[in-house]
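All remarks here apply to the structure that follows.
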Amino acid sequence: VHLFRYDGNNIRALLRRTKMHLSNALLLSLLFPPTPTSAQTNVGCDATCPPLGFESDSSHICPGTVIDATTATRQHAICHPLDTTNNNNVVNNKLSFSSFQKPGHVTVIANYYTGCEAGRRESGVYAGIAQRIHDDTAGKVTFVSSLKGGGDCSFWAGFYVDDAVVMGFTRPSTMPLTVSDESYDLRDALFTAPYPHPSYMVLDENLEVKYKSVGPCCGYSRYYDCTDDVALGLDKMLTEQITKVYNEQLATSQTVPTTASDTDVEGSDDSPPNENANACQSTTYSQWSACSKTCGDGGIQFRHRLHSDTPVETQPCPVDVASTLPSCEEQCVSEFGNEFDVTVIASDLDSPRDLAFHPTPGVHLGSVSEGRSFHPEQGEELWVANGLNHSVSIIASLGTEDQTTISRRDRGYYHYMNNITALAFNTVGNSGRNADQDTFNYFAVCNDNRNDYVGSKEPNYFMGPTLYDTDTVNKPGRKNTVNRAGEDCSDPSDQCFFLHADMLHESPACIGIAHDPEVETAYGTVYWAFDTTGDNSGDEGQLVKFDFSQPHGPGSMDHSVAVVRRYPEVKLYRDENHAHGHAGMVVHPTKRILYVANPGRGSVVAVHVDTGRYSRTAREEYPIFSNRLPSFEYSVYECVEQDADFASGLDNPSGLALSLDGTKLFVAERAGRIMALDVESGFVLQTINLSPLGYTSIGGLTISPKTGDLYFVDMDSNQVVRIDATSVRTGECIYQSHADSLFLSALEIAQSEVDLDCGEDTFSLMRDYTCQVDGTIPNGTLFEQVHTDSGYASDNPDVQSMAGMDEAAALLANRTDCEYESELNFDALLLGGYYCHVCLPYNHGSSCDAGGTCANIQWQGFTCDNEYYVDFESSANDSSLVLSSLHHDQTYPKNSMLELSRGVTYRFTVRTGPMQPVSIVTSPDFSSEISLQESSAKSLSLDGGVTNGPILLTVDDATPDCLYLTTPCTEPIMLMVEGATKCTSSVSMRGDCSDNNEPDDIALLPVAKSSAQCISSIW
């Protein structure tokens, strides 16, 4: 269970939005634990590498390790000091650690967060040390400062430069080289969480880690709590280690002493910046380019110039030119063909909203799960998000004779999968990431809900995307799926539930999500979401970027390492005419453009995802967020490059999907049309209309990664449907892009010239070059500075796997104030480890079968009084069925009788194995009124019995008084229905059992196709 970090800002927002009155002292103590000012011994400042508990995690770089080639060669932009003296007029230099891999050189790296007071305190000392040692060694020791957490680099540099002087050092000018670690790849490569911060690393000439430790101010919550004497301890600590490495190399070196110029970064030197060096005269604009499109309105033109802050201008294609162009006629694409048909792939879903292909079929289900057989080697695997029952349906072996569907959800679906509306997989299987960090095969869901616990509680807006790891085959024991009791769902007979790997909470009422296939971050957990409540007024939504960074994994609730960035300039609107909807989102892997369906505006928005600049912290404007530590970044980004009308004039666009070759964008309109758009021009290539076939509520689209076929879900018919191009006539089903080739050629040349002149990624047709941001460093009071407690229901961030119960959380067990507007916050129940509680929705929050009663297992899960396990025991003298119950903590003697209640569905989870099929039969009635044949005909076939998996028995008014759990050649277990006065104590199983033959006096029903069987009113 995910646990929520409340803080004062969160509570104030909740009070405003929900009008709750949190006067209960217990709840306040649960949500507001005290924060000490200094606790270096118990706040995670231990410099042990790897951190305790992470000894087997290969992602932690420790002394003795050589930096790998990928990390060493990756380029990092230097944001301070700026070099303005080079011939190419490059504004921001770039460094790679491989450039420091030279004889006799030493590299020192600092890891800072802008919101961390301890890091701010030490940064001035570090800057003073850096300038002094760099000068003393003639440039053979280079210092790098890695900055993250949001904020303007020049502001940060101003802090540490001034502090260095105050602390008695010479004013730094050329050191340290500060890089803005916006993608956190440097942190995740060298200072992988939970390694503490501020932290430092010393590399030798071969880029081997010689020293790694934590700064002396770690654990102090306020800037001046760390005194000058303590902060200056960093000087002694680093100087000793740097000197040791430097002298050892000097003693063994046979090379000529190196001058400072040997440490030059590409395009820079160590001299102070020349403020007037960039004052070269701008060139004149080029001629206007050809128009971008060959038909219709002609699109746009551009012109460019060099040595300018505004190197590109655009304008609409002139009317005199556009008037000569033909209209844009529709053509033919292979996915639709000259003619098409549809095939229903699956039905009987529950308001399906979105669908996606799993990148590795079988890695989740394996060959057996929940007593059912699967064939991962056959066909593809399609996952479907069901909004109304808050589940995911997995269609395995798609399109083969072995195709079957199984549904699965989270035990806490009312929070983690509440009205699931979109899902997206990480499909990047060749990212080159560390195996212990790669999140290939993970998926995230988006929930269209304001956290109202399925309508049972006043919304508190603490909602966002939930992340899951689907890999159970290669990660046994990881608990990516669990049974009801919270144990790893490794038994093939158990019912399995998703166990979330992480959750963030900054996009309530989210209707779209897309994974970003970037390969810059260490974990690959970047997702883009459509937050419909983004502007806080309810009028419009926003684009939000979620980077789960390092997922906390199953069994933890620590959300201190994550990045959430809001893009308020990307204005998004939901469809207000339908209660349930979906907005498709997809990232083009090479163009790095995110396409977003904008239903309320009838358009598709195109956003360049690698643009935008930090503007300010989001913690004040959006006070509901996941964590208050500095390592959790929550920022507002502005000046993002977008085309708000990449496609316009649409009727409630919903699903989006890219063709396999990336040249076509498929756009669905809810009412039934699907269009193929040219990615280069945005023009419609072909349209098909599915409304005559009854599909008038289309949701998500997806493309088969193997066949290229297009699939969609229809929310009202509850179907998954494939579009089949039944006729693709040679030479007739072709299309030509509407993009003008002369325009594309001019674009390529201009981009090369401008980027060479002004720096990489300077050229853009979408950029507003006049847009400026006044980036600042966020106020330190917005952050908690120490990690002494989780801030949840326990001081242990891994409370889900701990034994016992937090004292405050235990007191929640007796709370019964469950009303919609009561004081009790239901999140506190999840935070306190409650999977079963009288206030949680439906079946007390549990997933017991109908009529069952649950019992909570603190921090683990729950049990149900209507669930039993059936095992088989065999000895030389006897064989018997064994019935047990986790709920009642009891194994029943073999001659026991189990009483059943009417109106209850019982789950008998069979674990007997392939030679002992279990069935439920009626007792033969030996009265003269009912024949043996009539009685035994109302039995479940022994031949079709269950060997691994559930038998679900619904006991109703038609159920006979006496039933029996049987397996060949053993005494059955009596099941007596309430109200029965007498049952036969045993059933004679006549017949030859020497070869496990079936009893010859029980009529057999047809053999079931699955070992999981359900008996419901068949009597």
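Going through the structure tokens in order, the chains are called A, B, and so on, while each chain numbers its residues from 1 and the ligands are numbered from 1 in the order shown.
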
Give me, as a ChimeraX atom specification, all polymer residues having an atom no more than 7 Å from segment 280-289 of chain A, counting only C-alpha atoms and skipping those fewer than 2 positions away in the same chain. /A:278,291,301-308,743,746

Which polymer residues have any atom within 12 Å of an atom of Glu401 of chain A, counting only C-alpha atoms, with same-chain residues fewer than 2 positions away left out, as a PyMOL selection string? chain A and resi 374-375+378-379+396-399+403-404

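Atom CA of Thr590 of chain A sits 20.7 Å away from atom CA of Gly655 of chain A.
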
Spatial neighbours of Pro914 of chain A, max dist 10 Å, only C-alpha atoms, sep filter under 5 positions, as a list in words: Gly945, Val946, Thr947, Asn948 and Ser1011 of chain A

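Counting only C-alpha atoms, the residue from A:Glu330, A:Glu377, A:Glu520, A:Glu182 that sits nearest to Thr70 of chain A is A:Glu520.
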
Alpha helix (DSSP H) positions in segment 325-574 of chain A, given as a PyMOL selection string: chain A and resi 413-416

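Counting from atom CA of Cys758 of chain A, the distance to atom CA of Asp610 of chain A is 17.4 Å.
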
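Across A:Tyr416, A:Thr959, A:Val870, A:Ser507, the tightest approach to Thr905 of chain A is made by A:Thr959 when counting only C-alpha atoms.
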
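Remark: for Phe625 of chain A, the closest of the candidate residues A:Gly584, A:Pro492, A:Pro893, A:Gly464 is A:Gly464 (distances computed over only C-alpha atoms).
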
Would you mind listing what lies within 9 Å of Thr343 of chain A as a ChimeraX atom specification, with only C-alpha atoms counted and same-chain residues fewer than 5 positions away left out? /A:720-724

Would you output that residue set with N, CA and C atoms, as a PDB file, in the first residue's frame?
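out.pdb written:
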ATOM      1  N   VAL A 720     -13.083  -4.754 -27.470  1.00  0.00           N
ATOM      2  CA  VAL A 720     -11.815  -4.462 -28.126  1.00  0.00           C
ATOM      3  C   VAL A 720     -11.964  -4.894 -29.572  1.00  0.00           C
ATOM      4  N   VAL A 721     -11.608  -4.007 -30.497  1.00  0.00           N
ATOM      5  CA  VAL A 721     -11.883  -4.253 -31.907  1.00  0.00           C
ATOM      6  C   VAL A 721     -10.612  -4.005 -32.725  1.00  0.00           C
ATOM      7  N   ARG A 722     -10.398  -4.850 -33.728  1.00  0.00           N
ATOM      8  CA  ARG A 722      -9.285  -4.679 -34.666  1.00  0.00           C
ATOM      9  C   ARG A 722      -9.829  -4.217 -36.007  1.00  0.00           C
ATOM     10  N   ILE A 723      -9.118  -3.288 -36.633  1.00  0.00           N
ATOM     11  CA  ILE A 723      -9.469  -2.833 -37.977  1.00  0.00           C
ATOM     12  C   ILE A 723      -8.687  -3.660 -38.983  1.00  0.00           C
ATOM     13  N   ASP A 724      -9.389  -4.273 -39.903  1.00  0.00           N
ATOM     14  CA  ASP A 724      -8.765  -5.137 -40.906  1.00  0.00           C
ATOM     15  C   ASP A 724      -8.888  -4.484 -42.285  1.00  0.00           C
TER      16      ASP A 724
END

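Minimum distance to Ile133 of chain A across A:Phe169, A:Tyr820, A:Tyr442, A:Tyr468 (counting only C-alpha atoms) occurs at A:Phe169.
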
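If you count only C-alpha atoms and ignore residues fewer than 6 places along the chain from Glu506 of chain A, what sits within 8 Å of it is Phe462, Met463, Gly464, Val564, Ile624, Phe625 and Ser626 of chain A.
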
Same residues, all heavy atoms, output as a PDB file, in the first residue's frame:
ATOM      1  N   PHE A 462      -5.833  14.098  -3.705  1.00  0.00           N
ATOM      2  CA  PHE A 462      -4.513  13.456  -3.574  1.00  0.00           C
ATOM      3  C   PHE A 462      -4.489  12.222  -4.466  1.00  0.00           C
ATOM      4  O   PHE A 462      -4.678  11.098  -4.038  1.00  0.00           O
ATOM      5  CB  PHE A 462      -4.261  13.080  -2.110  1.00  0.00           C
ATOM      6  CG  PHE A 462      -2.837  12.673  -1.844  1.00  0.00           C
ATOM      7  CD1 PHE A 462      -1.803  13.587  -1.957  1.00  0.00           C
ATOM      8  CD2 PHE A 462      -2.534  11.386  -1.470  1.00  0.00           C
ATOM      9  CE1 PHE A 462      -0.486  13.207  -1.714  1.00  0.00           C
ATOM     10  CE2 PHE A 462      -1.225  10.993  -1.226  1.00  0.00           C
ATOM     11  CZ  PHE A 462      -0.212  11.920  -1.346  1.00  0.00           C
ATOM     12  N   MET A 463      -4.263  12.454  -5.754  1.00  0.00           N
ATOM     13  CA  MET A 463      -4.404  11.404  -6.750  1.00  0.00           C
ATOM     14  C   MET A 463      -3.433  11.664  -7.892  1.00  0.00           C
ATOM     15  O   MET A 463      -3.089  12.809  -8.184  1.00  0.00           O
ATOM     16  CB  MET A 463      -5.844  11.364  -7.262  1.00  0.00           C
ATOM     17  CG  MET A 463      -6.112  10.358  -8.360  1.00  0.00           C
ATOM     18  SD  MET A 463      -5.800   8.648  -7.871  1.00  0.00           S
ATOM     19  CE  MET A 463      -7.194   8.333  -6.798  1.00  0.00           C
ATOM     20  N   GLY A 464      -2.988  10.597  -8.517  1.00  0.00           N
ATOM     21  CA  GLY A 464      -2.070  10.715  -9.639  1.00  0.00           C
ATOM     22  C   GLY A 464      -1.773   9.358 -10.235  1.00  0.00           C
ATOM     23  O   GLY A 464      -2.456   8.364  -9.940  1.00  0.00           O
ATOM     24  N   VAL A 564       8.397  15.973 -10.534  1.00  0.00           N
ATOM     25  CA  VAL A 564       7.111  16.325 -11.142  1.00  0.00           C
ATOM     26  C   VAL A 564       7.223  17.757 -11.649  1.00  0.00           C
ATOM     27  O   VAL A 564       7.575  18.668 -10.894  1.00  0.00           O
ATOM     28  CB  VAL A 564       5.948  16.205 -10.135  1.00  0.00           C
ATOM     29  CG1 VAL A 564       4.627  16.563 -10.822  1.00  0.00           C
ATOM     30  CG2 VAL A 564       5.883  14.801  -9.553  1.00  0.00           C
ATOM     31  N   ILE A 624      -0.669  20.352  -2.753  1.00  0.00           N
ATOM     32  CA  ILE A 624      -0.862  18.925  -2.509  1.00  0.00           C
ATOM     33  C   ILE A 624       0.164  18.177  -3.345  1.00  0.00           C
ATOM     34  O   ILE A 624       0.110  18.189  -4.576  1.00  0.00           O
ATOM     35  CB  ILE A 624      -2.286  18.480  -2.865  1.00  0.00           C
ATOM     36  CG1 ILE A 624      -3.297  19.218  -1.994  1.00  0.00           C
ATOM     37  CG2 ILE A 624      -2.435  16.977  -2.681  1.00  0.00           C
ATOM     38  CD1 ILE A 624      -4.733  18.891  -2.315  1.00  0.00           C
ATOM     39  N   PHE A 625       1.117  17.533  -2.688  1.00  0.00           N
ATOM     40  CA  PHE A 625       2.168  16.828  -3.412  1.00  0.00           C
ATOM     41  C   PHE A 625       2.698  15.692  -2.554  1.00  0.00           C
ATOM     42  O   PHE A 625       2.339  15.540  -1.391  1.00  0.00           O
ATOM     43  CB  PHE A 625       3.285  17.783  -3.846  1.00  0.00           C
ATOM     44  CG  PHE A 625       3.831  18.677  -2.758  1.00  0.00           C
ATOM     45  CD1 PHE A 625       4.875  18.265  -1.957  1.00  0.00           C
ATOM     46  CD2 PHE A 625       3.284  19.927  -2.539  1.00  0.00           C
ATOM     47  CE1 PHE A 625       5.385  19.086  -0.962  1.00  0.00           C
ATOM     48  CE2 PHE A 625       3.782  20.761  -1.550  1.00  0.00           C
ATOM     49  CZ  PHE A 625       4.838  20.341  -0.754  1.00  0.00           C
ATOM     50  N   SER A 626       3.594  14.911  -3.119  1.00  0.00           N
ATOM     51  CA  SER A 626       3.921  13.605  -2.560  1.00  0.00           C
ATOM     52  C   SER A 626       4.947  13.623  -1.442  1.00  0.00           C
ATOM     53  O   SER A 626       4.935  12.736  -0.592  1.00  0.00           O
ATOM     54  CB  SER A 626       4.423  12.675  -3.681  1.00  0.00           C
ATOM     55  OG  SER A 626       3.447  12.497  -4.671  1.00  0.00           O
TER      56      SER A 626
END

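When only C-alpha atoms are used to measure the gap to Thr137 of chain A, the shortest distance among A:Met766, A:Leu190, A:Leu250, A:Ala157 belongs to A:Leu250.
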
If we count only C-alpha atoms, what is near Ser885 of chain A at a cut-off of 10 Å, once residues fewer than 3 positions away on the same chain are taken out, given as number ranges by chain? A: 863-870, 888-892, 908

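Here atom CA of Asp354 of chain A is placed at a distance of 26.2 Å from atom CA of Asn536 of chain A.
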
Of the listed residues A:Thr142, A:Ser292, A:Asn451, A:Gln686, that which approaches Thr178 of chain A most closely, counting only C-alpha atoms: A:Thr142

Mind checking which residues fall within 9 Å of Ala813 of chain A, counting only C-alpha atoms, ignoring those fewer than 6 positions away in the same chain, and posting them as a JSON list (two decimals) with N, CA, C and O atoms, in the first residue's frame?
[["chain", "number", "residue", "atom", "x", "y", "z"],
["A", 829, "LEU", "N", -6.09, 5.55, 6.58],
["A", 829, "LEU", "CA", -6.27, 4.11, 6.76],
["A", 829, "LEU", "C", -5.26, 3.33, 5.92],
["A", 829, "LEU", "O", -4.62, 2.39, 6.41],
["A", 834, "TYR", "N", -4.05, -0.47, 6.58],
["A", 834, "TYR", "CA", -5.35, -1.13, 6.61],
["A", 834, "TYR", "C", -5.80, -1.48, 5.20],
["A", 834, "TYR", "O", -6.07, -0.61, 4.38],
["A", 837, "HIS", "N", -11.07, -2.47, 6.50],
["A", 837, "HIS", "CA", -11.53, -1.57, 7.56],
["A", 837, "HIS", "C", -12.99, -1.24, 7.27],
["A", 837, "HIS", "O", -13.40, -1.11, 6.12],
["A", 838, "VAL", "N", -13.75, -1.07, 8.33],
["A", 838, "VAL", "CA", -15.19, -0.86, 8.18],
["A", 838, "VAL", "C", -15.51, 0.38, 7.36],
["A", 838, "VAL", "O", -16.57, 0.46, 6.75]]

From a DSSP pass on the backbone, collect the residues of segment 535-773 of chain A flagged as strand (DSSP E) and hand them back as JSON, numbers by chain. {"A": [541, 542, 543, 544, 545, 546, 547, 562, 563, 564, 565, 566, 567, 568, 569, 570, 571, 572, 585, 586, 587, 593, 594, 595, 596, 597, 598, 603, 604, 605, 606, 607, 608, 613, 614, 615, 616, 617, 632, 633, 634, 635, 636, 637, 638, 642, 643, 644, 645, 646, 647, 653, 654, 655, 656, 657, 658, 664, 665, 666, 667, 668, 669, 673, 674, 675, 676, 677, 678, 684, 685, 686, 687, 688, 689, 698, 699, 700, 701, 702, 703, 710, 711, 712, 713, 714, 719, 720, 721, 722, 723, 724, 725, 726, 727]}
